[in-house]
$ cat final_35.txt   # compact mmCIF, N, CA, C and O atoms
# COMPACT_ATOMS: atom_id res chain seq x y z
N LEU G 115 110.62 -14.05 53.12
CA LEU G 115 111.13 -12.81 52.54
C LEU G 115 112.51 -13.05 51.94
O LEU G 115 112.82 -12.52 50.86
N ASP G 116 113.31 -13.87 52.61
CA ASP G 116 114.64 -14.18 52.08
C ASP G 116 114.54 -14.82 50.70
O ASP G 116 115.35 -14.54 49.82
N GLU G 117 113.54 -15.67 50.52
CA GLU G 117 113.38 -16.33 49.22
C GLU G 117 112.98 -15.32 48.14
O GLU G 117 113.47 -15.39 47.01
N VAL G 118 112.12 -14.38 48.45
CA VAL G 118 111.73 -13.35 47.48
C VAL G 118 112.95 -12.53 47.08
O VAL G 118 113.19 -12.29 45.89
N VAL G 119 113.72 -12.11 48.07
CA VAL G 119 114.92 -11.31 47.80
C VAL G 119 115.93 -12.11 46.98
O VAL G 119 116.51 -11.59 46.02
N ALA G 120 116.12 -13.37 47.32
CA ALA G 120 117.07 -14.21 46.58
C ALA G 120 116.64 -14.38 45.13
O ALA G 120 117.47 -14.30 44.21
N GLN G 121 115.36 -14.57 44.90
CA GLN G 121 114.87 -14.72 43.53
C GLN G 121 115.01 -13.41 42.75
O GLN G 121 115.36 -13.41 41.57
N ALA G 122 114.77 -12.30 43.41
CA ALA G 122 114.94 -11.00 42.75
C ALA G 122 116.40 -10.78 42.35
O ALA G 122 116.69 -10.31 41.24
N GLU G 123 117.30 -11.14 43.23
CA GLU G 123 118.73 -11.01 42.92
C GLU G 123 119.12 -11.94 41.77
O GLU G 123 119.89 -11.54 40.89
N GLU G 124 118.59 -13.15 41.78
CA GLU G 124 118.88 -14.09 40.69
C GLU G 124 118.39 -13.51 39.35
O GLU G 124 119.10 -13.58 38.35
N MET G 125 117.21 -12.93 39.36
CA MET G 125 116.67 -12.35 38.11
C MET G 125 117.50 -11.15 37.66
O MET G 125 117.77 -10.99 36.47
N ARG G 126 117.93 -10.31 38.61
CA ARG G 126 118.79 -9.17 38.25
C ARG G 126 120.08 -9.66 37.61
O ARG G 126 120.56 -9.09 36.63
N SER G 127 120.66 -10.70 38.18
CA SER G 127 121.90 -11.26 37.64
C SER G 127 121.69 -11.79 36.23
O SER G 127 122.52 -11.58 35.34
N MET G 128 120.59 -12.50 36.03
CA MET G 128 120.29 -13.02 34.69
C MET G 128 120.15 -11.89 33.67
O MET G 128 120.68 -11.97 32.57
N LEU G 129 119.44 -10.85 34.05
CA LEU G 129 119.22 -9.74 33.13
C LEU G 129 120.51 -8.98 32.86
O LEU G 129 120.77 -8.56 31.73
N ALA G 130 121.34 -8.82 33.88
CA ALA G 130 122.62 -8.14 33.69
C ALA G 130 123.52 -8.93 32.75
O ALA G 130 124.22 -8.36 31.91
N ALA G 131 123.49 -10.25 32.88
CA ALA G 131 124.31 -11.10 32.02
C ALA G 131 123.85 -11.02 30.57
O ALA G 131 124.65 -11.21 29.65
N ASP G 132 122.58 -10.72 30.37
CA ASP G 132 122.03 -10.65 29.01
C ASP G 132 122.20 -9.29 28.36
O ASP G 132 121.83 -9.12 27.20
N ASP G 133 122.75 -8.32 29.06
CA ASP G 133 122.93 -6.98 28.51
C ASP G 133 123.78 -6.97 27.24
O ASP G 133 123.63 -6.10 26.40
N HIS G 134 124.66 -7.94 27.11
CA HIS G 134 125.58 -7.95 25.98
C HIS G 134 125.19 -8.96 24.91
O HIS G 134 125.93 -9.16 23.95
N GLU G 135 124.03 -9.58 25.09
CA GLU G 135 123.56 -10.58 24.11
C GLU G 135 122.88 -9.85 22.95
O GLU G 135 121.95 -9.10 23.14
N HIS G 136 123.38 -10.09 21.74
CA HIS G 136 122.82 -9.42 20.56
C HIS G 136 122.04 -10.38 19.67
O HIS G 136 121.44 -9.95 18.69
N ASP G 137 122.03 -11.64 20.01
CA ASP G 137 121.24 -12.62 19.28
C ASP G 137 119.85 -12.66 19.93
O ASP G 137 119.67 -13.26 20.99
N GLU G 138 118.89 -12.01 19.30
CA GLU G 138 117.57 -11.86 19.89
C GLU G 138 116.87 -13.21 20.12
O GLU G 138 116.18 -13.38 21.13
N LEU G 139 117.04 -14.14 19.21
CA LEU G 139 116.42 -15.45 19.38
C LEU G 139 117.01 -16.18 20.58
O LEU G 139 116.29 -16.75 21.40
N LYS G 140 118.33 -16.13 20.71
CA LYS G 140 119.01 -16.76 21.84
C LYS G 140 118.58 -16.11 23.16
O LYS G 140 118.33 -16.79 24.15
N LEU G 141 118.46 -14.78 23.16
CA LEU G 141 118.04 -14.06 24.35
C LEU G 141 116.60 -14.43 24.73
O LEU G 141 116.31 -14.69 25.90
N ALA G 142 115.72 -14.46 23.75
CA ALA G 142 114.32 -14.81 24.02
C ALA G 142 114.22 -16.22 24.59
O ALA G 142 113.44 -16.46 25.52
N GLN G 143 114.99 -17.14 24.04
CA GLN G 143 114.95 -18.52 24.52
C GLN G 143 115.46 -18.60 25.95
O GLN G 143 114.89 -19.30 26.79
N ARG G 144 116.53 -17.87 26.25
CA ARG G 144 117.07 -17.86 27.62
C ARG G 144 116.07 -17.26 28.60
O ARG G 144 115.88 -17.80 29.70
N LEU G 145 115.43 -16.19 28.21
CA LEU G 145 114.44 -15.58 29.09
C LEU G 145 113.28 -16.54 29.35
O LEU G 145 112.81 -16.67 30.48
N ALA G 146 112.85 -17.24 28.31
CA ALA G 146 111.76 -18.20 28.47
C ALA G 146 112.18 -19.38 29.33
O ALA G 146 111.41 -19.85 30.17
N ASP G 147 113.38 -19.87 29.12
CA ASP G 147 113.84 -21.08 29.81
C ASP G 147 114.32 -20.83 31.23
O ASP G 147 114.17 -21.70 32.10
N GLU G 148 114.90 -19.67 31.49
CA GLU G 148 115.53 -19.42 32.79
C GLU G 148 114.88 -18.30 33.59
O GLU G 148 114.66 -18.45 34.79
N LEU G 149 114.58 -17.18 32.94
CA LEU G 149 114.03 -16.05 33.69
C LEU G 149 112.59 -16.29 34.11
O LEU G 149 112.21 -16.03 35.25
N ARG G 150 111.80 -16.82 33.20
CA ARG G 150 110.39 -17.04 33.54
C ARG G 150 110.22 -17.99 34.72
O ARG G 150 109.42 -17.70 35.62
N PRO G 151 110.93 -19.12 34.78
CA PRO G 151 110.81 -19.97 35.97
C PRO G 151 111.25 -19.25 37.25
O PRO G 151 110.66 -19.46 38.32
N ALA G 152 112.27 -18.40 37.15
CA ALA G 152 112.71 -17.63 38.33
C ALA G 152 111.61 -16.66 38.76
O ALA G 152 111.38 -16.46 39.96
N MET G 153 110.92 -16.08 37.79
CA MET G 153 109.80 -15.19 38.11
C MET G 153 108.68 -15.97 38.80
O MET G 153 108.07 -15.48 39.76
N ASP G 154 108.42 -17.18 38.33
CA ASP G 154 107.40 -18.02 38.96
C ASP G 154 107.77 -18.36 40.39
O ASP G 154 106.92 -18.34 41.29
N ARG G 155 109.05 -18.66 40.63
CA ARG G 155 109.50 -18.97 42.00
C ARG G 155 109.36 -17.75 42.91
O ARG G 155 108.92 -17.87 44.06
N ALA G 156 109.69 -16.57 42.38
CA ALA G 156 109.55 -15.34 43.17
C ALA G 156 108.09 -15.08 43.48
O ALA G 156 107.72 -14.70 44.60
N ARG G 157 107.25 -15.28 42.50
CA ARG G 157 105.81 -15.07 42.69
C ARG G 157 105.25 -16.04 43.74
O ARG G 157 104.46 -15.66 44.59
N ASP G 158 105.64 -17.30 43.67
CA ASP G 158 105.18 -18.28 44.66
C ASP G 158 105.60 -17.87 46.07
O ASP G 158 104.81 -17.94 47.01
N ALA G 159 106.84 -17.43 46.21
CA ALA G 159 107.34 -17.01 47.52
C ALA G 159 106.59 -15.77 48.01
O ALA G 159 106.23 -15.68 49.19
N ALA G 160 106.33 -14.83 47.11
CA ALA G 160 105.60 -13.61 47.49
C ALA G 160 104.16 -13.95 47.88
O ALA G 160 103.62 -13.37 48.82
N ASP G 161 103.54 -14.87 47.15
CA ASP G 161 102.18 -15.27 47.50
C ASP G 161 102.12 -15.89 48.89
O ASP G 161 101.21 -15.61 49.67
N ARG G 162 103.10 -16.74 49.20
CA ARG G 162 103.14 -17.35 50.54
C ARG G 162 103.33 -16.26 51.61
O ARG G 162 102.70 -16.31 52.67
N LEU G 163 104.18 -15.31 51.31
CA LEU G 163 104.44 -14.22 52.25
C LEU G 163 103.18 -13.39 52.49
O LEU G 163 102.88 -13.02 53.63
N GLU G 164 102.43 -13.11 51.43
CA GLU G 164 101.19 -12.34 51.58
C GLU G 164 100.22 -13.02 52.53
O GLU G 164 99.52 -12.35 53.29
N HIS G 165 100.17 -14.33 52.51
CA HIS G 165 99.24 -15.06 53.37
C HIS G 165 99.72 -15.11 54.82
O HIS G 165 98.90 -15.32 55.72
N GLN G 166 101.00 -14.91 55.03
CA GLN G 166 101.55 -14.99 56.39
C GLN G 166 101.52 -13.65 57.11
O GLN G 166 101.53 -13.62 58.34
N VAL G 167 101.51 -12.56 56.38
CA VAL G 167 101.56 -11.23 56.98
C VAL G 167 100.13 -10.69 57.10
O VAL G 167 99.36 -10.72 56.14
N GLY G 168 99.81 -10.19 58.27
CA GLY G 168 98.48 -9.64 58.50
C GLY G 168 98.21 -8.41 57.65
O GLY G 168 99.12 -7.66 57.30
N ASP G 169 96.95 -8.22 57.31
CA ASP G 169 96.56 -7.08 56.47
C ASP G 169 96.95 -5.75 57.10
O ASP G 169 97.28 -4.80 56.39
N ASP G 170 96.94 -5.66 58.42
CA ASP G 170 97.29 -4.41 59.09
C ASP G 170 98.78 -4.09 58.99
O ASP G 170 99.19 -2.94 59.15
N LEU G 171 99.60 -5.09 58.66
CA LEU G 171 101.05 -4.88 58.53
C LEU G 171 101.51 -4.80 57.07
O LEU G 171 102.65 -4.44 56.81
N TRP G 172 100.63 -5.15 56.15
CA TRP G 172 100.98 -5.16 54.72
C TRP G 172 100.47 -3.85 54.14
O TRP G 172 99.28 -3.67 53.92
N SER G 173 101.39 -2.93 53.85
CA SER G 173 100.99 -1.56 53.49
C SER G 173 100.58 -1.37 52.03
O SER G 173 100.04 -0.32 51.68
N ILE G 174 100.84 -2.35 51.19
CA ILE G 174 100.46 -2.22 49.78
C ILE G 174 99.37 -3.24 49.46
O ILE G 174 99.20 -4.21 50.19
N PRO G 175 98.60 -3.01 48.40
CA PRO G 175 97.55 -3.97 48.06
C PRO G 175 98.14 -5.35 47.76
O PRO G 175 99.18 -5.46 47.10
N LYS G 176 97.50 -6.37 48.27
CA LYS G 176 97.92 -7.74 47.98
C LYS G 176 97.42 -8.11 46.59
O LYS G 176 96.46 -7.53 46.07
N TYR G 177 98.07 -9.07 45.99
CA TYR G 177 97.74 -9.46 44.61
C TYR G 177 96.27 -9.82 44.48
O TYR G 177 95.59 -9.38 43.56
N ARG G 178 95.76 -10.59 45.40
CA ARG G 178 94.35 -11.00 45.33
C ARG G 178 93.43 -9.79 45.45
O ARG G 178 92.35 -9.78 44.87
N GLU G 179 93.86 -8.77 46.18
CA GLU G 179 93.05 -7.55 46.30
C GLU G 179 93.05 -6.76 44.99
O GLU G 179 92.04 -6.16 44.63
N LEU G 180 94.17 -6.76 44.31
CA LEU G 180 94.22 -6.09 43.01
C LEU G 180 93.32 -6.77 42.00
O LEU G 180 92.67 -6.10 41.18
N LEU G 181 93.25 -8.08 42.05
CA LEU G 181 92.45 -8.82 41.09
C LEU G 181 90.95 -8.75 41.38
O LEU G 181 90.14 -8.69 40.46
N PHE G 182 90.59 -8.80 42.64
CA PHE G 182 89.19 -8.98 43.00
C PHE G 182 88.62 -7.84 43.84
O PHE G 182 87.67 -8.04 44.59
N GLN G 183 89.16 -6.64 43.70
CA GLN G 183 88.71 -5.54 44.54
C GLN G 183 87.27 -5.14 44.20
O GLN G 183 86.48 -4.86 45.07
N TYR G 184 86.94 -5.10 42.93
CA TYR G 184 85.58 -4.66 42.55
C TYR G 184 84.92 -5.65 41.64
O TYR G 184 85.39 -6.31 40.88
$ encode --input "final_35.txt" --output "structure tokens"
Amino acid sequence: LDEVVAQAEEMRSMLAADDHEHDELKLAQRLADELRPAMDRARDAADRLEHQVGDDLWSIPKYRELLFQY
């Protein structure tokens, strides 16, 4: 959980730093190069967490349940 929270904070910081960027190409490149890998790291950590927490304790649908429910 600490890793998920840390990645979320890192992404918030990246996005806040980009609030003043007016060069759209530069912003898009930064998001692709830096934000997307941070999103992947957060997703990996969340996936690991989903597998460690029992279904009876996880109150929201897990990603695999959203994909393969029906």
$ atom_distance --input "final_35.txt" --atom1 "atom N of Pro175 in chain G" --atom2 "atom N of Gln121 in chain G"
20.7 Å
$ axis_aligned_box --input "final_35.txt" --around "range 153-161 of chain G" --padding-each-side "6 Å" --output "JSON"
{"center_x": 106.1, "center_y": -16.2, "center_z": 43.7, "size_x": 21.7, "size_y": 17.6, "size_z": 23.9}
$ closest_residue --input "final_35.txt" --among "G:Ala120, G:Val167, G:Met125, G:Ala131" --to "Leu149 in chain G" --atoms "only C-alpha atoms"
G:Met125
$ atom_distance --input "final_35.txt" --atom1 "CA of Ala160 in chain G" --atom2 "CA of Val118 in chain G"
6.1 Å
$ atom_distance --input "final_35.txt" --atom1 "atom C of Pro151 in chain G" --atom2 "atom O of Gln166 in chain G"
23.9 Å
$ select_by_dssp --input "final_35.txt" --residues "chain G" --states "alpha helix (DSSP H)" --output "PyMOL selection string"
chain G and resi 116-131+138-144+150-166+177-182
$ closest_residue --input "final_35.txt" --among "G:Leu163, G:Leu180, G:Ile174, G:Leu129" --to "Leu145 in chain G" --atoms "only C-alpha atoms"
G:Leu129
$ decode --input "final_35.txt" --residues "range 119-134 of chain G" --atoms "N, CA, C and O atoms" --output "PDB file, in the first residue's frame"
ATOM      1  N   VAL G 119       0.614   4.448  -2.654  1.00  0.00           N
ATOM      2  CA  VAL G 119       0.496   5.831  -2.193  1.00  0.00           C
ATOM      3  C   VAL G 119       1.683   6.666  -2.678  1.00  0.00           C
ATOM      4  O   VAL G 119       1.508   7.796  -3.147  1.00  0.00           O
ATOM      5  N   ALA G 120       2.874   6.116  -2.600  1.00  0.00           N
ATOM      6  CA  ALA G 120       4.066   6.847  -3.046  1.00  0.00           C
ATOM      7  C   ALA G 120       3.997   7.147  -4.540  1.00  0.00           C
ATOM      8  O   ALA G 120       4.327   8.266  -4.975  1.00  0.00           O
ATOM      9  N   GLN G 121       3.545   6.194  -5.325  1.00  0.00           N
ATOM     10  CA  GLN G 121       3.427   6.423  -6.766  1.00  0.00           C
ATOM     11  C   GLN G 121       2.348   7.463  -7.071  1.00  0.00           C
ATOM     12  O   GLN G 121       2.509   8.304  -7.961  1.00  0.00           O
ATOM     13  N   ALA G 122       1.264   7.429  -6.333  1.00  0.00           N
ATOM     14  CA  ALA G 122       0.205   8.426  -6.525  1.00  0.00           C
ATOM     15  C   ALA G 122       0.720   9.825  -6.209  1.00  0.00           C
ATOM     16  O   ALA G 122       0.444  10.785  -6.945  1.00  0.00           O
ATOM     17  N   GLU G 123       1.480   9.943  -5.145  1.00  0.00           N
ATOM     18  CA  GLU G 123       2.058  11.243  -4.783  1.00  0.00           C
ATOM     19  C   GLU G 123       3.049  11.711  -5.851  1.00  0.00           C
ATOM     20  O   GLU G 123       3.075  12.894  -6.202  1.00  0.00           O
ATOM     21  N   GLU G 124       3.848  10.782  -6.359  1.00  0.00           N
ATOM     22  CA  GLU G 124       4.802  11.135  -7.413  1.00  0.00           C
ATOM     23  C   GLU G 124       4.059  11.653  -8.653  1.00  0.00           C
ATOM     24  O   GLU G 124       4.451  12.655  -9.248  1.00  0.00           O
ATOM     25  N   MET G 125       2.973  10.987  -9.004  1.00  0.00           N
ATOM     26  CA  MET G 125       2.193  11.423 -10.179  1.00  0.00           C
ATOM     27  C   MET G 125       1.552  12.785  -9.937  1.00  0.00           C
ATOM     28  O   MET G 125       1.537  13.640 -10.828  1.00  0.00           O
ATOM     29  N   ARG G 126       1.031  13.008  -8.724  1.00  0.00           N
ATOM     30  CA  ARG G 126       0.453  14.325  -8.399  1.00  0.00           C
ATOM     31  C   ARG G 126       1.498  15.420  -8.533  1.00  0.00           C
ATOM     32  O   ARG G 126       1.230  16.500  -9.061  1.00  0.00           O
ATOM     33  N   SER G 127       2.693  15.144  -8.042  1.00  0.00           N
ATOM     34  CA  SER G 127       3.779  16.127  -8.134  1.00  0.00           C
ATOM     35  C   SER G 127       4.138  16.420  -9.582  1.00  0.00           C
ATOM     36  O   SER G 127       4.354  17.579  -9.962  1.00  0.00           O
ATOM     37  N   MET G 128       4.221  15.379 -10.391  1.00  0.00           N
ATOM     38  CA  MET G 128       4.523  15.574 -11.814  1.00  0.00           C
ATOM     39  C   MET G 128       3.464  16.435 -12.488  1.00  0.00           C
ATOM     40  O   MET G 128       3.779  17.346 -13.253  1.00  0.00           O
ATOM     41  N   LEU G 129       2.209  16.144 -12.211  1.00  0.00           N
ATOM     42  CA  LEU G 129       1.120  16.898 -12.838  1.00  0.00           C
ATOM     43  C   LEU G 129       1.088  18.339 -12.351  1.00  0.00           C
ATOM     44  O   LEU G 129       0.837  19.253 -13.129  1.00  0.00           O
ATOM     45  N   ALA G 130       1.355  18.547 -11.073  1.00  0.00           N
ATOM     46  CA  ALA G 130       1.380  19.906 -10.538  1.00  0.00           C
ATOM     47  C   ALA G 130       2.507  20.710 -11.167  1.00  0.00           C
ATOM     48  O   ALA G 130       2.344  21.895 -11.474  1.00  0.00           O
ATOM     49  N   ALA G 131       3.644  20.074 -11.386  1.00  0.00           N
ATOM     50  CA  ALA G 131       4.782  20.754 -11.998  1.00  0.00           C
ATOM     51  C   ALA G 131       4.481  21.141 -13.443  1.00  0.00           C
ATOM     52  O   ALA G 131       5.027  22.117 -13.960  1.00  0.00           O
ATOM     53  N   ASP G 132       3.602  20.392 -14.075  1.00  0.00           N
ATOM     54  CA  ASP G 132       3.262  20.654 -15.479  1.00  0.00           C
ATOM     55  C   ASP G 132       2.150  21.676 -15.651  1.00  0.00           C
ATOM     56  O   ASP G 132       1.815  22.027 -16.779  1.00  0.00           O
ATOM     57  N   ASP G 133       1.580  22.173 -14.574  1.00  0.00           N
ATOM     58  CA  ASP G 133       0.486  23.142 -14.662  1.00  0.00           C
ATOM     59  C   ASP G 133       0.882  24.409 -15.411  1.00  0.00           C
ATOM     60  O   ASP G 133       0.047  25.066 -15.998  1.00  0.00           O
ATOM     61  N   HIS G 134       2.160  24.735 -15.392  1.00  0.00           N
ATOM     62  CA  HIS G 134       2.604  25.988 -15.993  1.00  0.00           C
ATOM     63  C   HIS G 134       3.297  25.780 -17.337  1.00  0.00           C
ATOM     64  O   HIS G 134       3.827  26.730 -17.912  1.00  0.00           O
TER      65      HIS G 134
END
